[in-house]
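K.L.:
Sharing a structure below in structure tokens format, with a few things to ask.
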Amino acid sequence: MKTRNYYFVKKFIFSIMFFITIGVFCIGDFIKFSHTFKQRGKKIAEIHSVDDLKKWISQTDSEITSSVMGRMRFIELYGYVQKLLGKREFNNFAYIKDDDGMMYYGSVAELETNDLEEYAGNVMRLNEYIESRGAHLLVVIPPTKVMHNVSEVKRDWPVNDPNNRTDRLLMMLQQRGVDTYDLRRHIENTGLSIEELFFKTDHHWTPLAAFHATQGLIEKMNSLYGLDLDPDGYYRDLSNYDSYTYRDCFLGSTGENSGAVYSGVDDYTFYWPRCDMEFEWHDYEHDERTKGKLEEALLYSQRLYEADDIYNNSMGSVYIREIVNSERIVNNSRPDAPVLAVMRDSYFSPIAVFMAPMFSHIDMMWTRNDKGMSMEEFIKEGYYNYVILEVYPYNLDSQSFNFFREEENE
């Protein structure tokens, strides 16, 4: 009888301690999130459709989840257990890891393709408008880690592979007379390994891969539009770039979600061209400005002093803060050079730095931003000679093609 009572006492004490612990976390998180709740509450007034509601719920969930007390400690503990078990998949196939530790997005469902016709129509109307102003549009598709001729991804792995959708969209755009450039093919032909092209713990490509993409993009624009960008090949020669490697400093988005113990930590090698030109950079949203030589105006060196903080420091933001809603790069040394407008994501940040010496100014807007002017306003209000629409294959959704919709142009 005493043994039985002792058993229930232990259970009772454990339950009390468990609920006290949960209560402390709930109270602490409620206090911590009070400001977030107020800000997200104000956003409710901006909800006018089901899509707006879905976006509000997603953003609210993301903000709260990323700031939970002790979040990274829990993730690291879970990742440690997964590593001890020798598991190649993480969190029910949210991520999959190959033999060398390269991490991929997991998936068990094929992505829909029914909406690609709509996106292609939007781009066609965008192209027609840009051509009516005497300018040129080029749609650029960067690669993902799922490169079947380079990476070790097996065909039977439950990996989120966007290449089929991307191929279909490119075919539709070409049928509609839109200029396209498939960087996936160019990057495959560099002869670089997947470890040289991508970070193990992140979805982004390396600055070295971005340099090779810049090579290809310059050559493509010269060929398509009769340009003479980089006439002596200076900015397409890696020997004219400085570089520096920071060891064990970068934990990318997949690493943040699985923990450094499970994913490992990446090195980060920066490249930047030796250039005597004078530049300015303006972040319109925050009204922030920098100026000086290329490394002063376009590289955010403050991040380099925070390299040891792998959980809160994104090394990729050294390149013009990685992503802001709208910005401008001005080349004060080449005022008569062409003007470029770019609708882009964070993949394009190092390319923009590498291409800055060849243009008088580059205006850029994040395709997935939800603040300030729309992408359609960005195009209609600007002056430019060339426009690049760069879309990451995992972002082939309505948010990336939210311009020149058919119903709005009838």
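Ordering of the structure tokens sets the chain letters (A, B, ...); residue numbers start at 1 within each chain; ligands are numbered from 1 in the order shown.
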Show which residues sit within 7 Å of segment 391-400 of chain A, as a compact mmCIF listing (two decimals) with C-alpha atoms, in the first residue's frame. Count only C-alpha atoms, and ignore same-chain residues fewer than 5 positions away.
P.N.:
```txt
# COMPACT_ATOMS: atom_id res chain seq x y z
CA VAL A 140 16.47 34.69 -64.66
CA ILE A 141 16.13 31.38 -62.83
CA PRO A 142 18.90 30.46 -60.35
CA PRO A 162 10.99 22.23 -58.05
CA THR A 166 10.53 25.46 -63.31
CA ARG A 344 14.52 39.78 -57.06
CA ASP A 345 15.05 37.72 -53.91
CA THR A 367 9.31 40.30 -55.13
CA ARG A 368 7.93 39.00 -51.81
```
K.L.:
Show which residues sit within 12 Å of His286 of chain A, as a compact mmCIF listing (two decimals) with C-alpha atoms, in the first residue's frame. Count only C-alpha atoms, and ignore same-chain residues fewer than 6 positions away.
P.N.:
```txt
# COMPACT_ATOMS: atom_id res chain seq x y z
CA ARG A 321 22.07 43.57 -46.17
CA VAL A 324 15.48 44.79 -48.21
CA ASN A 325 12.15 45.76 -49.73
CA SER A 326 13.42 48.42 -52.13
CA GLU A 327 16.85 49.92 -52.74
CA LYS A 371 5.43 47.05 -47.64
CA GLY A 372 5.64 50.19 -49.74
```
K.L.:
From the list A:Arg165, A:His212, A:His203, A:His148, which residue is nearest His186 of chain A when using only C-alpha atoms?
P.N.:
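Nearest to His186 of chain A: A:His212.
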K.L.:
Under the rule that only C-alpha atoms are counted, which of A:Ser263, A:Gly292, A:Asp161, A:Leu169 is the nearest residue to Cys275 of chain A?
P.N.:
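Closest residue, counting only C-alpha atoms: A:Gly292.
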K.L.:
For Ile310 of chain A, which of A:Gly252, A:Phe359, A:Leu298, A:Pro335 is the closest residue, counting only C-alpha atoms?
P.N.:
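Counting only C-alpha atoms, the residue closest to Ile310 of chain A is A:Gly252.
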K.L.:
Hey, which of A:Phe250, A:Tyr95, A:Tyr271, A:Tyr235 ends up closest to Trp157 of chain A? Count only C-alpha atoms.
P.N.:
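Using only C-alpha atoms, Trp157 of chain A sits closest to A:Tyr95.
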